[in-house]
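Colleague: I'm passing along upload17.txt; it holds compact mmCIF, C-alpha atoms.
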```txt
# COMPACT_ATOMS: atom_id res chain seq x y z
CA MET A 1 96.05 98.72 104.72
CA LYS A 2 95.13 97.61 108.25
CA LYS A 3 97.45 98.57 111.07
CA VAL A 4 99.22 95.50 112.44
CA PHE A 5 102.12 96.77 114.52
CA ILE A 6 101.63 98.03 118.03
CA GLU A 7 104.35 99.75 120.04
CA GLY A 8 105.05 97.64 123.13
CA ALA A 9 102.84 94.94 124.66
CA ILE A 10 99.26 94.17 123.59
CA SER A 11 96.98 94.76 126.57
CA PRO A 12 94.12 92.45 127.65
CA THR A 13 91.83 95.47 127.39
CA PHE A 14 92.76 95.94 123.75
CA ILE A 15 91.79 92.29 123.21
CA SER A 16 88.42 92.57 124.96
CA ASP A 17 87.62 95.78 123.06
CA SER A 18 88.32 93.92 119.86
CA ILE A 19 86.06 91.03 120.94
CA ALA A 20 83.28 93.42 122.00
CA LYS A 21 83.21 95.09 118.57
CA HIS A 22 82.06 91.79 117.05
CA SER A 23 78.81 91.63 119.01
CA LEU A 24 77.15 93.64 116.23
CA LYS A 25 78.14 91.02 113.67
CA LYS A 26 75.40 88.57 114.52
CA ASP A 27 76.18 86.14 111.72
CA ILE A 28 79.37 85.14 113.54
CA GLY A 29 79.15 81.88 115.49
CA ALA A 30 82.79 81.21 116.37
CA HIS A 31 85.89 83.21 117.26
CA SER A 32 89.34 81.68 117.44
CA ILE A 33 92.09 83.66 119.15
CA PHE A 34 95.79 83.02 119.46
CA LEU A 35 97.93 85.01 121.85
CA GLY A 36 101.71 84.85 121.96
CA GLN A 37 103.07 85.65 125.43
CA VAL A 38 106.74 86.37 126.17
CA ARG A 39 108.22 83.47 128.13
CA ASN A 40 110.91 83.90 130.78
CA ASP A 41 113.07 81.14 129.30
CA HIS A 42 116.26 80.25 131.11
CA LEU A 43 119.41 80.00 128.99
CA ARG A 44 122.92 79.61 130.30
CA GLY A 45 121.72 80.30 133.83
CA LYS A 46 120.15 83.60 132.83
CA GLU A 47 116.50 84.53 132.56
CA VAL A 48 114.75 86.22 129.63
CA VAL A 49 113.15 89.36 131.07
CA ALA A 50 111.84 90.80 127.79
CA ILE A 51 111.88 90.45 124.03
CA GLU A 52 112.63 93.44 121.85
CA TYR A 53 110.90 93.10 118.49
CA SER A 54 112.05 94.72 115.29
CA ALA A 55 110.74 94.31 111.75
CA TYR A 56 111.32 95.20 108.15
CA GLN A 57 108.11 97.07 108.58
CA GLU A 58 107.16 97.94 104.99
CA MET A 59 107.78 94.38 103.83
CA ALA A 60 106.03 92.90 106.88
CA GLU A 61 102.94 95.01 106.27
CA GLU A 62 102.76 93.90 102.66
CA LYS A 63 103.21 90.30 103.76
CA PHE A 64 100.47 90.57 106.40
CA HIS A 65 98.18 92.01 103.77
CA GLU A 66 98.97 89.20 101.33
CA ILE A 67 98.44 86.50 103.98
CA ARG A 68 95.12 88.09 104.98
CA GLU A 69 93.92 88.08 101.37
CA ASN A 70 94.90 84.42 101.00
CA MET A 71 93.08 83.50 104.19
CA PHE A 72 89.86 85.18 103.06
CA ALA A 73 90.13 83.34 99.74
CA LYS A 74 90.72 79.98 101.42
CA TYR A 75 88.35 80.13 104.40
CA GLN A 76 84.79 81.38 104.92
CA LEU A 77 85.76 84.13 107.36
CA ASN A 78 83.74 87.07 108.61
CA CYS A 79 86.74 88.80 110.17
CA LEU A 80 90.48 88.39 110.55
CA HIS A 81 92.64 90.63 112.72
CA ILE A 82 96.36 90.48 113.38
CA TYR A 83 98.36 92.57 115.82
CA HIS A 84 102.06 92.22 116.55
CA SER A 85 104.23 94.17 118.98
CA LEU A 86 107.28 96.20 118.06
CA GLY A 87 109.85 97.27 120.65
CA LYS A 88 110.16 95.87 124.14
CA VAL A 89 107.64 93.40 125.58
CA ASN A 90 108.27 92.06 129.08
CA ALA A 91 107.98 88.39 130.09
CA GLY A 92 104.33 87.65 130.86
CA GLU A 93 103.09 90.26 128.38
CA ILE A 94 101.43 89.59 125.03
CA SER A 95 103.21 90.30 121.74
CA LEU A 96 100.98 88.58 119.17
CA PHE A 97 97.18 88.62 118.80
CA VAL A 98 95.53 86.70 115.96
CA PHE A 99 91.73 86.79 115.83
CA THR A 100 89.55 84.95 113.28
CA SER A 101 85.75 84.85 113.17
CA SER A 102 83.40 82.70 111.16
CA ALA A 103 79.85 81.35 111.14
CA HIS A 104 81.13 77.91 112.19
CA ARG A 105 84.01 76.81 114.39
CA LYS A 106 85.98 74.72 111.89
CA GLU A 107 86.82 77.61 109.58
CA ALA A 108 87.71 80.02 112.37
CA ILE A 109 89.95 77.51 114.16
CA GLU A 110 91.81 76.31 111.06
CA ALA A 111 92.35 79.82 109.70
CA CYS A 112 93.69 81.04 113.04
CA GLN A 113 96.14 78.17 113.32
CA GLU A 114 97.39 78.57 109.74
CA MET A 115 97.69 82.32 110.23
CA VAL A 116 99.94 81.86 113.28
CA GLU A 117 102.27 79.50 111.39
CA LYS A 118 102.51 81.92 108.48
CA ILE A 119 103.30 84.86 110.74
CA LYS A 120 106.11 82.92 112.42
CA ASN A 121 107.59 81.66 109.15
CA GLU A 122 106.90 84.25 106.50
CA VAL A 123 106.92 87.70 108.06
CA PRO A 124 110.19 89.62 108.51
CA ILE A 125 110.07 90.20 112.26
CA TRP A 126 112.87 89.46 114.71
CA GLY A 127 112.90 89.01 118.44
CA LYS A 128 115.90 89.82 120.61
CA GLU A 129 115.70 88.04 123.95
CA LEU A 130 116.97 90.37 126.67
CA PHE A 131 118.41 88.70 129.74
CA THR A 132 118.97 90.03 133.22
CA GLY A 133 122.03 92.27 132.89
CA GLU A 134 123.12 93.55 129.49
CA ASP A 135 123.24 90.17 127.78
CA TYR A 136 120.92 89.18 124.93
CA GLU A 137 120.36 86.49 122.33
CA TRP A 138 118.48 86.56 119.04
CA LYS A 139 115.35 84.45 119.29
CA ILE A 140 114.99 81.33 117.15
CA ASN A 141 111.47 80.12 116.30
CA LYS A 142 110.84 76.43 116.76
CA LEU A 143 108.60 74.57 114.33
CA MET B 1 85.65 71.53 141.29
CA LYS B 2 86.08 74.60 139.10
CA LYS B 3 83.03 76.68 138.30
CA VAL B 4 82.10 76.35 134.63
CA PHE B 5 78.56 77.66 134.31
CA ILE B 6 77.84 81.36 134.14
CA GLU B 7 74.34 82.82 134.27
CA GLY B 8 73.70 84.65 131.00
CA ALA B 9 76.28 85.87 128.47
CA ILE B 10 80.04 85.83 128.99
CA SER B 11 81.30 89.42 128.81
CA PRO B 12 84.44 90.56 126.94
CA THR B 13 85.64 92.03 130.24
CA PHE B 14 85.43 88.64 131.91
CA ILE B 15 87.62 87.31 129.10
CA SER B 16 90.24 90.05 129.38
CA ASP B 17 90.36 89.64 133.17
CA SER B 18 91.02 85.96 132.64
CA ILE B 19 93.80 86.73 130.12
CA ALA B 20 95.35 89.34 132.42
CA LYS B 21 95.62 86.86 135.31
CA HIS B 22 98.07 84.81 133.24
CA SER B 23 100.70 87.55 133.01
CA LEU B 24 102.18 86.26 136.27
CA LYS B 25 102.68 82.81 134.75
CA LYS B 26 105.80 83.67 132.83
CA ASP B 27 106.48 80.15 131.61
CA ILE B 28 103.46 80.41 129.29
CA GLY B 29 104.30 81.18 125.67
CA ALA B 30 100.98 80.57 123.93
CA HIS B 31 97.29 81.00 124.67
CA SER B 32 94.56 79.56 122.49
CA ILE B 33 91.02 80.83 122.97
CA PHE B 34 87.75 79.70 121.46
CA LEU B 35 84.61 81.78 121.82
CA GLY B 36 81.16 80.60 120.81
CA GLN B 37 78.89 83.51 119.85
CA VAL B 38 75.11 83.21 119.39
CA ARG B 39 74.26 83.53 115.69
CA ASN B 40 71.08 85.18 114.43
CA ASP B 41 70.28 82.28 112.11
CA HIS B 42 67.23 82.56 109.90
CA LEU B 43 64.86 79.59 109.87
CA ARG B 44 61.45 79.50 108.20
CA GLY B 45 61.57 83.26 107.67
CA LYS B 46 62.18 83.93 111.35
CA GLU B 47 65.30 85.16 113.07
CA VAL B 48 67.01 83.66 116.12
CA VAL B 49 67.16 86.45 118.70
CA ALA B 50 68.63 84.43 121.57
CA ILE B 51 69.53 80.96 122.75
CA GLU B 52 68.35 79.73 126.12
CA TYR B 53 70.78 77.20 127.55
CA SER B 54 69.90 74.49 130.02
CA ALA B 55 72.01 71.64 131.35
CA TYR B 56 71.98 68.52 133.46
CA GLN B 57 74.23 70.54 135.66
CA GLU B 58 75.62 67.93 138.08
CA MET B 59 76.44 65.56 135.24
CA ALA B 60 77.88 68.36 133.07
CA GLU B 61 80.18 69.51 135.86
CA GLU B 62 81.48 65.99 136.36
CA LYS B 63 82.00 65.66 132.62
CA PHE B 64 83.85 68.98 132.40
CA HIS B 65 86.07 67.83 135.24
CA GLU B 66 86.78 64.52 133.54
CA ILE B 67 87.57 66.18 130.18
CA ARG B 68 89.89 68.66 131.93
CA GLU B 69 91.79 65.82 133.60
CA ASN B 70 92.15 63.99 130.29
CA MET B 71 93.43 67.13 128.58
CA PHE B 72 96.09 67.70 131.24
CA ALA B 73 97.16 64.06 130.87
CA LYS B 74 97.33 64.29 127.08
CA TYR B 75 98.81 67.78 126.54
CA GLN B 76 101.56 69.80 128.23
CA LEU B 77 99.26 72.52 129.48
CA ASN B 78 99.90 75.23 132.04
CA CYS B 79 96.24 76.19 132.30
CA LEU B 80 92.84 75.22 130.98
CA HIS B 81 89.66 77.16 131.63
CA ILE B 82 86.13 76.50 130.42
CA TYR B 83 83.08 78.71 130.86
CA HIS B 84 79.62 78.04 129.46
CA SER B 85 76.47 80.12 129.75
CA LEU B 86 73.20 78.98 131.27
CA GLY B 87 69.93 80.80 130.63
CA LYS B 88 69.34 83.34 127.91
CA VAL B 89 72.14 84.66 125.68
CA ASN B 90 71.23 87.14 122.95
CA ALA B 91 72.46 86.96 119.35
CA GLY B 92 75.89 88.59 119.17
CA GLU B 93 76.74 87.62 122.76
CA ILE B 94 79.21 84.96 123.86
CA SER B 95 78.07 81.66 125.42
CA LEU B 96 81.25 79.54 125.41
CA PHE B 97 84.80 80.46 126.41
CA VAL B 98 87.56 77.85 126.20
CA PHE B 99 91.07 78.98 127.16
CA THR B 100 94.21 76.84 127.02
CA SER B 101 97.77 77.93 127.81
CA SER B 102 101.07 76.20 127.21
CA ALA B 103 104.78 76.91 126.77
CA HIS B 104 104.48 76.33 123.03
CA ARG B 105 101.70 77.01 120.55
CA LYS B 106 101.11 73.49 119.24
CA GLU B 107 99.90 72.06 122.56
CA ALA B 108 97.70 75.04 123.40
CA ILE B 109 96.06 75.11 119.96
CA GLU B 110 95.40 71.37 119.73
CA ALA B 111 94.07 71.10 123.27
CA CYS B 112 91.70 74.03 122.73
CA GLN B 113 90.32 72.56 119.54
CA GLU B 114 89.82 69.09 121.06
CA MET B 115 88.22 70.64 124.14
CA VAL B 116 85.64 72.49 122.02
CA GLU B 117 84.67 69.29 120.16
CA LYS B 118 84.32 67.40 123.42
CA ILE B 119 82.14 70.11 124.96
CA LYS B 120 79.81 70.07 121.96
CA ASN B 121 79.57 66.27 121.82
CA GLU B 122 79.94 64.95 125.35
CA VAL B 123 78.46 67.45 127.79
CA PRO B 124 74.72 67.43 128.61
CA ILE B 125 73.85 70.98 127.63
CA TRP B 126 70.96 72.02 125.41
CA GLY B 127 70.25 75.19 123.50
CA LYS B 128 66.75 76.40 122.69
CA GLU B 129 66.77 78.87 119.82
CA LEU B 130 64.28 81.62 120.52
CA PHE B 131 62.81 83.37 117.50
CA THR B 132 61.11 86.71 117.19
CA GLY B 133 57.64 86.14 118.64
CA GLU B 134 56.97 83.15 120.88
CA ASP B 135 58.33 80.51 118.54
CA TYR B 136 61.42 78.42 119.30
CA GLU B 137 63.36 75.42 118.07
CA TRP B 138 65.77 73.11 119.86
CA LYS B 139 69.29 73.68 118.57
CA ILE B 140 71.10 70.91 116.73
CA ASN B 141 74.93 70.89 116.74
CA LYS B 142 76.60 70.33 113.41
CA LEU B 143 79.78 68.28 113.23
CA MET C 1 123.19 103.91 89.94
CA GLU C 2 122.47 103.81 93.63
CA ILE C 3 121.42 100.76 95.66
CA ILE C 4 120.22 100.80 99.26
CA VAL C 5 121.20 97.83 101.42
CA LEU C 6 119.29 97.05 104.61
CA PHE C 7 120.37 94.76 107.47
CA PHE C 8 118.09 93.29 110.10
CA GLY C 9 118.13 91.29 113.32
CA HIS C 10 121.32 89.44 114.14
CA LEU C 11 123.05 90.85 111.06
CA THR C 12 123.05 94.36 112.53
CA ASP C 13 125.25 93.06 115.36
CA ILE C 14 127.88 92.31 112.73
CA THR C 15 127.45 95.27 110.41
CA GLY C 16 126.96 97.80 113.20
CA GLU C 17 124.52 99.61 110.93
CA SER C 18 121.10 98.90 109.48
CA LYS C 19 121.33 100.79 106.19
CA LEU C 20 123.97 101.77 103.66
CA LYS C 21 124.21 102.95 100.08
CA ILE C 22 126.35 101.40 97.39
CA TRP C 23 126.95 102.34 93.76
CA ASP C 24 127.44 100.53 90.50
CA THR C 25 126.76 96.98 91.55
CA LYS C 26 125.39 94.92 88.72
CA ASP C 27 123.71 92.04 90.54
CA THR C 28 123.05 90.47 93.93
CA ASN C 29 126.05 88.13 93.70
CA GLU C 30 128.33 91.11 93.32
CA LEU C 31 126.55 92.89 96.16
CA ILE C 32 126.96 89.92 98.50
CA ASN C 33 130.65 89.67 97.62
CA LEU C 34 131.06 93.33 98.48
CA MET C 35 129.24 92.88 101.80
CA SER C 36 131.26 89.79 102.66
CA LYS C 37 134.48 91.74 102.27
CA LYS C 38 133.18 94.71 104.25
CA TYR C 39 131.66 92.52 107.02
CA PRO C 40 133.41 89.14 107.02
CA GLY C 41 131.23 87.97 109.93
CA ILE C 42 128.15 87.67 107.72
CA ASN C 43 129.69 84.72 105.85
CA ASP C 44 128.97 82.55 108.90
CA MET C 45 125.31 83.53 108.94
CA LYS C 46 122.23 82.30 107.17
CA TYR C 47 120.04 84.93 105.64
CA SER C 48 117.57 85.49 102.79
CA ILE C 49 117.80 88.35 100.30
CA ALA C 50 114.86 90.54 99.32
CA ILE C 51 114.82 93.06 96.49
CA ASN C 52 112.16 95.73 96.95
CA LYS C 53 110.45 93.59 99.63
CA VAL C 54 110.30 90.40 97.56
CA ILE C 55 112.52 87.47 98.51
CA ILE C 56 114.71 86.22 95.66
CA HIS C 57 116.07 82.71 95.22
CA GLU C 58 118.80 83.24 92.62
CA ASN C 59 121.18 85.93 91.40
CA CYS C 60 119.25 89.01 90.22
CA ILE C 61 120.27 92.03 88.14
CA LEU C 62 120.04 95.28 90.11
CA LYS C 63 118.76 98.59 88.84
CA ASP C 64 118.93 102.14 90.15
CA ALA C 65 117.09 102.76 93.46
CA ASP C 66 116.64 99.07 94.26
CA VAL C 67 116.39 98.28 97.96
CA VAL C 68 118.19 95.07 98.86
CA ALA C 69 117.51 93.63 102.31
CA LEU C 70 119.50 90.92 104.09
CA LEU C 71 117.11 89.00 106.34
CA PRO C 72 118.15 86.48 109.01
CA ALA C 73 115.64 83.71 109.90
CA PHE C 74 112.41 85.31 111.08
CA SER C 75 111.50 85.02 114.74
CA GLY C 76 108.30 86.97 115.23
CA GLY C 77 105.38 85.87 117.38
CA MET D 1 62.17 51.22 145.94
CA GLU D 2 62.10 54.74 144.52
CA ILE D 3 63.60 55.90 141.22
CA ILE D 4 63.93 59.52 140.08
CA VAL D 5 63.49 60.16 136.36
CA LEU D 6 64.81 63.38 134.80
CA PHE D 7 63.94 64.84 131.38
CA PHE D 8 65.95 67.46 129.51
CA GLY D 9 65.84 69.66 126.43
CA HIS D 10 63.31 68.76 123.76
CA LEU D 11 61.93 65.91 125.88
CA THR D 12 60.49 68.34 128.42
CA ASP D 13 58.25 69.73 125.63
CA ILE D 14 56.64 66.27 125.44
CA THR D 15 56.59 65.31 129.12
CA GLY D 16 55.61 68.77 130.35
CA GLU D 17 57.78 68.14 133.39
CA SER D 18 61.45 67.72 134.10
CA LYS D 19 61.37 65.34 137.05
CA LEU D 20 59.19 62.51 138.35
CA LYS D 21 59.35 59.64 140.81
CA ILE D 22 58.48 56.07 140.02
CA TRP D 23 58.40 52.93 142.17
CA ASP D 24 59.21 49.26 141.78
CA THR D 25 60.80 49.31 138.36
CA LYS D 26 63.36 46.56 137.94
CA ASP D 27 65.43 47.80 135.01
CA THR D 28 65.82 50.54 132.39
CA ASN D 29 63.86 48.59 129.75
CA GLU D 30 60.86 48.47 132.07
CA LEU D 31 61.32 52.15 132.90
CA ILE D 32 61.40 53.15 129.22
CA ASN D 33 58.24 51.09 128.55
CA LEU D 34 56.49 52.89 131.35
CA MET D 35 57.59 56.30 130.05
CA SER D 36 56.55 55.43 126.49
CA LYS D 37 53.04 54.64 127.70
CA LYS D 38 52.84 57.77 129.82
CA TYR D 39 54.34 60.05 127.11
CA PRO D 40 53.83 58.39 123.70
CA GLY D 41 55.60 61.32 121.97
CA ILE D 42 59.01 60.27 123.27
CA ASN D 43 58.95 57.15 121.06
CA ASP D 44 59.67 59.41 118.06
CA MET D 45 62.70 60.95 119.72
CA LYS D 46 66.32 59.98 119.99
CA TYR D 47 67.83 60.16 123.45
CA SER D 48 70.52 58.62 125.61
CA ILE D 49 69.97 57.25 129.08
CA ALA D 50 72.17 58.02 132.09
CA ILE D 51 72.03 56.32 135.46
CA ASN D 52 73.50 58.44 138.22
CA LYS D 53 75.17 60.71 135.65
CA VAL D 54 76.80 57.90 133.65
CA ILE D 55 75.52 57.08 130.18
CA ILE D 56 74.52 53.43 129.71
CA HIS D 57 74.49 51.47 126.47
CA GLU D 58 72.37 48.43 127.39
CA ASN D 59 69.57 47.43 129.75
CA CYS D 60 70.60 47.97 133.39
CA ILE D 61 69.14 46.80 136.70
CA LEU D 62 67.87 49.66 138.85
CA LYS D 63 68.26 50.00 142.59
CA ASP D 64 66.67 52.25 145.18
CA ALA D 65 67.43 55.99 144.83
CA ASP D 66 68.87 55.67 141.32
CA VAL D 67 68.55 58.79 139.18
CA VAL D 68 67.73 57.96 135.57
CA ALA D 69 68.07 60.81 133.05
CA LEU D 70 66.72 60.88 129.49
CA LEU D 71 69.05 63.03 127.40
CA PRO D 72 68.32 64.27 123.86
CA ALA D 73 71.33 64.99 121.59
CA PHE D 74 73.52 67.61 123.26
CA SER D 75 73.65 71.07 121.73
CA GLY D 76 75.88 73.15 123.97
CA GLY D 77 78.46 75.67 122.78
```
Would you put the structure from the file into structure tokens?
Modeller:
Amino acid sequence: MKKVFIEGAISPTFISDSIAKHSLKKDIGAHSIFLGQVRNDHLRGKEVVAIEYSAYQEMAEEKFHEIRENMFAKYQLNCLHIYHSLGKVNAGEISLFVFTSSAHRKEAIEACQEMVEKIKNEVPIWGKELFTGEDYEWKINKL
Amino acid sequence: MKKVFIEGAISPTFISDSIAKHSLKKDIGAHSIFLGQVRNDHLRGKEVVAIEYSAYQEMAEEKFHEIRENMFAKYQLNCLHIYHSLGKVNAGEISLFVFTSSAHRKEAIEACQEMVEKIKNEVPIWGKELFTGEDYEWKINKL
Amino acid sequence: MEIIVLFFGHLTDITGESKLKIWDTKDTNELINLMSKKYPGINDMKYSIAINKVIIHENCILKDADVVALLPAFSGG
Amino acid sequence: MEIIVLFFGHLTDITGESKLKIWDTKDTNELINLMSKKYPGINDMKYSIAINKVIIHENCILKDADVVALLPAFSGG
């Protein structure tokens, strides 16, 4: 099964390395990428400085695998990669990287978008928003 | 006016540098990226080895500017970047890079997708598909 | 018969632990009753229940070595 | 009165040039007639017409220093 979880933030270099690897796949015409970045939201006068991610890792990995299989069945994709952070990711850093590739743009774009929704709604991952000081709040995903 | 055209292919490093610059904008929660990659299509038994892009550059730059303005009016965007190649781009290399950023995913994703359609349909750029040998064919965009 | 119970996210704030073992519990209803007595705070929370990594939607019979996970609303991404 | 005419993409295969100057042409209809005589091949092609970088949809009067561009279907991206 493909590795999905990454300890800490996902670096821009990791992303460009992943893009570069696709230059040998010359039947690809379109890549769609979604990146989730940690926002410094302000709540109750305090600022989010980081999110600490935890997961029910075994279940999440099975779920990622299942979603991937469904995506390949539904869309004409050449590639589909998903990476999600575990542990602490600071505001401004990237915690989610979804990457779909296809011959034509429509398939890549739609698959990427659907993938992001599924990750947010169906995968057992939790974010704990850490504020300045010791305070924290469990993240709630908006639709 | 922002520079859009890049001579030759767009490198993965250029893309990661662009992503990295956004880590200081901590109110961003979502990035959506579209990359157009040159496909080695096979036509009449010949293979596309590169696309040579040309443009009515002054008009294209005005059009890019106008589309950008419309996007910022329509969507809650923090950033919007567009880069398009001019000249020769080999199969497997990237010729289009559209990058939208927003607090929430919906706006970033929709704006990126609309932007790509507008670039393909409304901007005076032409691709000449170069085959093995001296042969070529003018590219036709599919809907 | 031994059952493993896992807690995640917000629930661990209430339980103070992420894993425990219980014995001789016939189904998930009974398990949840037990947990509610041990950790009254979880009654105020919304969560899903998974047995062996599959979310269930009704009371389910438990068997030896089942892993039951209590999952608050997901918030990945 | 001087008008600049620009050709792009596929059209340049037919015209063999990307830019030319013409004089004393009152409107775009007259200009297109002139071009069709000079380069008969362009009659078989679909293209849009822009005056000073703005696409027009009907016959337009031309004035000195106007730049008229003949644009085949775009194929960027």
Colleague: So what do you get for CA of Ser18 in chain A versus CA of Val116 in chain A, distance-wise?
Modeller: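 CA of Val116 in chain A lies 18.0 Å from CA of Ser18 in chain A.
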Colleague: Would you mind telling me which residue in C:Lys37, C:Ile14, C:Ile51, C:Phe7 lies nearest to Asp64 in chain C when using all atoms listed in the file?
Modeller: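 Comparing C:Lys37, C:Ile14, C:Ile51, C:Phe7 against Asp64 in chain C, the winner is C:Ile51.
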Colleague: Pick the closest to chain D from A:Phe64, A:His42, A:Met59, A:Ala30: which is it, counting only C-alpha atoms?
Modeller: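 Ranking A:Phe64, A:His42, A:Met59, A:Ala30 by distance to chain D, first place goes to A:Ala30.
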Colleague: Figure out the distance between CA of Tyr83 in chain B and CA of Glu137 in chain B, please, to one decimal in Å.
Modeller: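 Result for CA of Glu137 in chain B versus CA of Tyr83 in chain B: 23.7 Å, one decimal.
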Colleague: Please determine, counting only C-alpha atoms, which residue among A:His104, A:Glu114, A:Arg68, A:Phe14 has the shortest atom-to-atom distance to chain D.
Modeller: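 Looking only at the distances to chain D, the closest residue turns out to be A:His104.
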Colleague: Applying 9 Å and all atoms listed in the file, which residues near Lys38 in chain D remain after dropping the ones on its own chain fewer than 4 positions away? List them as a PyMOL selection string.
Modeller: chain D and resi 15+33-34
Colleague: Please determine, counting all atoms listed in the file, which residue among C:Pro72, C:Asn43, C:Thr25, C:Cys60 has the shortest atom-to-atom distance to His10 in chain C.
Modeller: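 Using all atoms listed in the file, His10 in chain C sits closest to C:Pro72.
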Colleague: Find the distance between CA of Lys120 in chain B and CA of Phe72 in chain A and write it in Å to one decimal.
Modeller: 26.2 Å
Colleague: Excluding Leu62 in chain D and residues on its chain fewer than 6 positions from it, collect all residues at most 8 Å away from it, counting only C-alpha atoms, and give them as a list of chain:residue names.
Modeller: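 Answer for this query is D:Ile3, D:Thr25, D:Lys26, D:Asp27, D:Thr28.
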Colleague: Write down, as a PyMOL selection string, each residue of chain A that has any atom within 9 Å of an atom of chain C, counting only C-alpha atoms.
Modeller: chain A and resi 35-38+53-56+58-60+62-63+84-85+95-97+116+119-128+137-142
Colleague: Counting only C-alpha atoms, a student should be able to say which residues of chain A come within 9 Å of chain B; what is the right answer, written as a VMD selection string?
Modeller: chain A and resid 11 to 20 22 to 41 91 to 94 103 to 105 109 113 116 142
Colleague: Measuring atom to atom with only C-alpha atoms, identify which of A:Leu86, A:Ile51, A:Met115, A:Cys79 is nearest to Ile6 in chain A.
Modeller: A:Leu86
Colleague: Can you report as AutoDock Vina command-line options the centre and edge lengths in Å, to one decimal, of an axis-aligned box around the listed atoms of range 5-13 of chain C padded with 3 Å on each side?
Modeller:
```
--center_x 121.7 --center_y 93.6 --center_z 108.4 --size_x 13.2 --size_y 14.4 --size_z 19.9
```
Colleague: Would you fill out range 12-23 of chain A with N, CA, C and O atoms and return it as a compact mmCIF listing (two decimals), keeping the file's coordinate frame?
Modeller:
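Everything below was put into out-v7.txt:
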```
# COMPACT_ATOMS: atom_id res chain seq x y z
N PRO A 12 95.38 93.21 127.60
CA PRO A 12 94.12 92.45 127.65
C PRO A 12 92.90 93.32 127.33
O PRO A 12 91.94 92.84 126.72
N THR A 13 92.94 94.56 127.69
CA THR A 13 91.83 95.47 127.39
C THR A 13 91.67 95.70 125.88
O THR A 13 90.56 95.75 125.36
N PHE A 14 92.80 95.81 125.20
CA PHE A 14 92.76 95.94 123.75
C PHE A 14 92.07 94.72 123.14
O PHE A 14 91.26 94.82 122.21
N ILE A 15 92.37 93.55 123.71
CA ILE A 15 91.79 92.29 123.21
C ILE A 15 90.28 92.26 123.46
O ILE A 15 89.50 91.93 122.56
N SER A 16 89.86 92.62 124.66
CA SER A 16 88.42 92.57 124.96
C SER A 16 87.66 93.63 124.15
O SER A 16 86.54 93.39 123.72
N ASP A 17 88.28 94.78 123.91
CA ASP A 17 87.62 95.78 123.06
C ASP A 17 87.41 95.22 121.65
O ASP A 17 86.36 95.43 121.04
N SER A 18 88.41 94.51 121.19
CA SER A 18 88.32 93.92 119.86
C SER A 18 87.21 92.86 119.81
O SER A 18 86.44 92.80 118.85
N ILE A 19 87.12 92.05 120.86
CA ILE A 19 86.06 91.03 120.94
C ILE A 19 84.69 91.72 120.97
O ILE A 19 83.76 91.33 120.25
N ALA A 20 84.57 92.74 121.80
CA ALA A 20 83.28 93.42 122.00
C ALA A 20 82.74 93.99 120.69
O ALA A 20 81.53 94.00 120.47
N LYS A 21 83.64 94.49 119.85
CA LYS A 21 83.21 95.09 118.57
C LYS A 21 82.47 94.09 117.68
O LYS A 21 81.74 94.49 116.78
N HIS A 22 82.68 92.80 117.91
CA HIS A 22 82.06 91.79 117.05
C HIS A 22 80.65 91.43 117.46
O HIS A 22 80.01 90.62 116.80
N SER A 23 80.16 92.00 118.56
CA SER A 23 78.81 91.63 119.01
C SER A 23 77.74 92.17 118.05
O SER A 23 76.60 91.72 118.08
```
